[in-house]
Amino acid sequence: MKGFLTGLMRLHRGPWEALATIIIALGVFMLMQPFVLWAFTYSFITTLVGTVMFIVVSHFPEGE
Amino acid sequence: MTDTLADKAAGATPKRVVRKIRGLSDRAIAWIFVAPTIFLLLAINIFPLIWTIQLSFTNFRANRLTREPEFIGLRNYERILTDSDIWLNMQATAHFLFWTIALQVLIGFTLAWLINKKFKGNDLWTTIIVLPMMLSPAVVGNFWKFLYQPQIGLFNYIVAFFTGKEPSSFEMLGSVQLAPWSIVIVDTWMWTPFVMLICLAGLRSIPDYIYEAAEVDRASKLRQFFTITIPMVLPFLMLAVLFRGIENFKMFDLVVQLTGGGPGSTTELTSINLKREAFEKWRTGYASAYAIILFVTVFGLASIYVKALNKVKER
């Protein structure tokens with residue numbers, strides 16, 4: 001966990017990509033879940049933020 | 001010395017063009033060759049995408065071309081994302097996506113594993129198994145419609161044979177409970193061979209000496225399966241899931257032929273709903289926003305998958 005946070009602070013690609021992946025997965029789950037409508041409402045913005053973030057952070061340098 | 005084809009071509013090129021080309025760098029010549037492809041890509045993919053994004057912020061209707069479209073900001077997105085009917089369509093798509101992929105991976109991998117065993121006539125069996133994939137979805141949809149007929153359909157008779165129920169006592173395409181499963185069954189029947197072929201390629205790429213080394217180390221068959229077969233087939237399996245996931249998220253033809261989205265809207269997948277909005281209700285701006293939502297979802301999922309695939313390959 002400490003390594004993950006350090007990676008985020010130092011703008012390393014790995015942890016940022018992992019974070020973006022979690023956000024995309026969350027967005028897709030919110031889009032397709034059958035439980036609450038508000039999650040469906042905010043699903044698109046979540047997926048969009050995750051996807052844009054993924055594109056940006058995939059250009060970050062690889063950590064050591 | 002006889003002229004080569006290249007010499008002949010060079011001789012046929014007008015001198016004016018030859019002089020111009022000689023003055024160009026290798027990089028410039030490379031760009032000249034690549035430019036038509038880039039132009040086509042921009043015209044066919046990028047331009048429609050940008051146009052769709054622009055239309056998604058308007059109330060444009062393609063059947064009223066004379067009316068100037070108004071800019072309405074994010075209203076289309078707001079309407080879609082607060083519409084409980086679209087939410088239900090998404091759930092129908094999720095059900096279809098989850099079960100088709102789960103069944104296709106499970107059955108496809110099992111078939112590939114069996115076909116990979118050397119036995120008499122396995123080439124013939126491979127051809128027979130692969131046949132459904134080669135058919136047109138429209139044809140498959142139509143003949144499964146006959147198979148699902150409660151009175152004359154073979155499917156109902158087979159189910160009746162095993163369960164003891166009356167064949168005409170249930171209707172696969174007409175029942176709210178069974179219709180979502182009927183489209184899952186047909187898609188699984190049609191596309192499992194595709195997953196099987198990809199898994200077969202993965203299984204055949206595993207060198208025999210790895211298994212031989214495991215035998216020497218006295219690893220059991222089960223251990224060999226979980227520590228050699230599964231990890232080495234995983235990248236192929238993930239590729240199959242990616243392809244089928246994206247394809248099924250856009251599934252249209254097969255379901256339209258089978259149920260047309262019914263009964264009610266139980267099998268109305270997002271692509272069918274999108275087509276209705278765009279070409280039956282002619283709400284082009286609204287449908288564009290809908291398409292962008294689906295595009296971003298597929299794009300996001302594909303990004304995750306490509307990353308996961310690269311990680312597995314690195315291992």
# chains A, B, ... in the order shown; residues from 1 in each chain; ligands from 1

$ interface_residues --of "chain B" --to "chain A" --cutoff "12 Å" --atoms "only C-alpha atoms" --output "MDAnalysis selection string"
chainID B and resid 74 77:98 249 269:270 289:308 311

$ select_by_dssp --residues "chain A" --states "helix (DSSP H, G or I)" --output "ChimeraX atom specification"
/A:2-9,13-32,37-41,43-57

$ write_last_selection --atoms "C-alpha atoms" --output "tab-separated table (two decimals), in the first residue's frame"
chain	number	residue	atom	x	y	z
A	2	LYS	CA	2.88	2.35	0.88
A	3	GLY	CA	4.56	1.57	-2.47
A	4	PHE	CA	1.29	2.29	-4.25
A	5	LEU	CA	0.92	5.69	-2.56
A	6	THR	CA	4.58	6.57	-3.22
A	7	GLY	CA	4.08	5.63	-6.87
A	8	LEU	CA	1.06	7.94	-7.05
A	9	MET	CA	3.01	10.81	-5.47
A	13	ARG	CA	2.62	4.83	-14.53
A	14	GLY	CA	1.78	1.54	-12.74
A	15	PRO	CA	-0.24	2.82	-9.75
A	16	TRP	CA	-1.95	5.54	-11.76
A	17	GLU	CA	-3.02	3.00	-14.40
A	18	ALA	CA	-4.30	0.76	-11.64
A	19	LEU	CA	-6.34	3.65	-10.22
A	20	ALA	CA	-7.73	4.52	-13.68
A	21	THR	CA	-8.64	0.86	-14.22
A	22	ILE	CA	-10.54	0.75	-10.91
A	23	ILE	CA	-12.46	3.91	-11.88
A	24	ILE	CA	-13.39	2.50	-15.32
A	25	ALA	CA	-14.49	-0.82	-13.80
A	26	LEU	CA	-16.55	1.06	-11.21
A	27	GLY	CA	-18.16	3.16	-13.96
A	28	VAL	CA	-19.09	0.11	-16.03
A	29	PHE	CA	-20.49	-1.64	-12.96
A	30	MET	CA	-22.54	1.47	-12.10
A	31	LEU	CA	-23.88	1.55	-15.68
A	32	MET	CA	-25.10	-2.04	-15.62
A	37	LEU	CA	-30.74	4.60	-10.36
A	38	TRP	CA	-28.38	7.32	-9.08
A	39	ALA	CA	-25.39	5.02	-9.68
A	40	PHE	CA	-26.58	4.62	-13.29
A	41	THR	CA	-26.88	8.41	-13.59
A	43	SER	CA	-21.85	5.98	-14.36
A	44	PHE	CA	-20.99	7.79	-17.59
A	45	ILE	CA	-19.00	10.57	-15.96
A	46	THR	CA	-17.14	7.97	-13.85
A	47	THR	CA	-16.24	5.89	-16.92
A	48	LEU	CA	-15.28	9.00	-18.88
A	49	VAL	CA	-12.99	10.28	-16.11
A	50	GLY	CA	-11.39	6.82	-15.81
A	51	THR	CA	-10.87	6.47	-19.57
A	52	VAL	CA	-9.38	9.94	-20.04
A	53	MET	CA	-7.21	9.38	-16.97
A	54	PHE	CA	-6.04	6.05	-18.39
A	55	ILE	CA	-5.04	7.68	-21.69
A	56	VAL	CA	-3.12	10.44	-19.88
A	57	VAL	CA	-1.37	8.28	-17.27

$ atom_distance --atom1 "CA of Phe252 (chain B)" --atom2 "CA of Pro137 (chain B)"
9.5 Å

$ residues_around --residues "region 196-211 of chain B" --least-positions-apart "5" --cutoff "12 Å" --atoms "only C-alpha atoms" --output "JSON, numbers by chain"
{"B": [103, 104, 105, 106, 107, 108, 109, 110, 111, 112, 113, 114, 115, 116, 117, 118, 126, 127, 129, 130, 131, 133, 188, 189, 190, 191, 216, 217, 218, 219, 220, 221, 222, 223, 224, 225, 226, 227, 228, 229, 230, 231, 232, 233, 234, 235, 236, 237, 238, 239, 240, 241, 242, 243, 244]}

$ residues_around --residues "region 253-256 of chain B" --least-positions-apart "5" --cutoff "9 Å" --atoms "only C-alpha atoms" --output "number ranges by chain"
B: 137-142, 183, 186-187, 261, 267-269, 272

$ write_last_selection --atoms "N, CA and C atoms" --output "PDB file, in the first residue's frame"
ATOM      1  N   PRO B 137     -25.684 -14.251 -39.176  1.00  0.00           N
ATOM      2  CA  PRO B 137     -26.553 -14.099 -37.998  1.00  0.00           C
ATOM      3  C   PRO B 137     -28.039 -14.049 -38.361  1.00  0.00           C
ATOM      4  N   ALA B 138     -28.349 -13.501 -39.535  1.00  0.00           N
ATOM      5  CA  ALA B 138     -29.758 -13.428 -39.960  1.00  0.00           C
ATOM      6  C   ALA B 138     -30.311 -14.833 -40.172  1.00  0.00           C
ATOM      7  N   VAL B 139     -29.511 -15.696 -40.778  1.00  0.00           N
ATOM      8  CA  VAL B 139     -29.936 -17.083 -41.025  1.00  0.00           C
ATOM      9  C   VAL B 139     -30.087 -17.816 -39.693  1.00  0.00           C
ATOM     10  N   VAL B 140     -29.081 -17.648 -38.828  1.00  0.00           N
ATOM     11  CA  VAL B 140     -29.117 -18.316 -37.513  1.00  0.00           C
ATOM     12  C   VAL B 140     -30.361 -17.867 -36.738  1.00  0.00           C
ATOM     13  N   GLY B 141     -30.610 -16.566 -36.743  1.00  0.00           N
ATOM     14  CA  GLY B 141     -31.777 -16.024 -36.038  1.00  0.00           C
ATOM     15  C   GLY B 141     -33.063 -16.635 -36.552  1.00  0.00           C
ATOM     16  N   ASN B 142     -33.181 -16.755 -37.879  1.00  0.00           N
ATOM     17  CA  ASN B 142     -34.407 -17.290 -38.464  1.00  0.00           C
ATOM     18  C   ASN B 142     -34.605 -18.758 -38.158  1.00  0.00           C
ATOM     19  N   ILE B 183     -31.876 -15.850 -26.177  1.00  0.00           N
ATOM     20  CA  ILE B 183     -30.841 -15.172 -26.990  1.00  0.00           C
ATOM     21  C   ILE B 183     -29.436 -15.567 -26.507  1.00  0.00           C
ATOM     22  N   VAL B 186     -28.645 -18.969 -28.179  1.00  0.00           N
ATOM     23  CA  VAL B 186     -28.316 -18.886 -29.599  1.00  0.00           C
ATOM     24  C   VAL B 186     -26.924 -18.268 -29.803  1.00  0.00           C
ATOM     25  N   ASP B 187     -26.634 -17.200 -29.082  1.00  0.00           N
ATOM     26  CA  ASP B 187     -25.313 -16.569 -29.238  1.00  0.00           C
ATOM     27  C   ASP B 187     -24.203 -17.527 -28.799  1.00  0.00           C
ATOM     28  N   GLY B 261     -36.439  -7.586 -29.777  1.00  0.00           N
ATOM     29  CA  GLY B 261     -36.390  -6.812 -28.526  1.00  0.00           C
ATOM     30  C   GLY B 261     -37.464  -7.207 -27.524  1.00  0.00           C
ATOM     31  N   THR B 267     -35.788  -8.142 -24.066  1.00  0.00           N
ATOM     32  CA  THR B 267     -34.530  -8.453 -24.769  1.00  0.00           C
ATOM     33  C   THR B 267     -34.082  -7.265 -25.620  1.00  0.00           C
ATOM     34  N   GLU B 268     -34.574  -6.091 -25.254  1.00  0.00           N
ATOM     35  CA  GLU B 268     -34.168  -4.899 -26.018  1.00  0.00           C
ATOM     36  C   GLU B 268     -32.792  -4.457 -25.533  1.00  0.00           C
ATOM     37  N   LEU B 269     -31.769  -4.898 -26.222  1.00  0.00           N
ATOM     38  CA  LEU B 269     -30.403  -4.536 -25.852  1.00  0.00           C
ATOM     39  C   LEU B 269     -30.153  -3.087 -26.259  1.00  0.00           C
ATOM     40  N   ILE B 272     -30.254  -2.099 -29.968  1.00  0.00           N
ATOM     41  CA  ILE B 272     -31.593  -2.118 -30.576  1.00  0.00           C
ATOM     42  C   ILE B 272     -32.331  -0.843 -30.192  1.00  0.00           C
TER      43      ILE B 272
END

$ atom_distance --atom1 "CA of Pro150 (chain B)" --atom2 "CA of Leu178 (chain B)"
12.6 Å

$ residues_around --residues "region 44-61 of chain B" --least-positions-apart "3" --cutoff "12 Å" --atoms "only C-alpha atoms" --output "ChimeraX atom specification"
/B:37-41,64-80,277-293,295-296
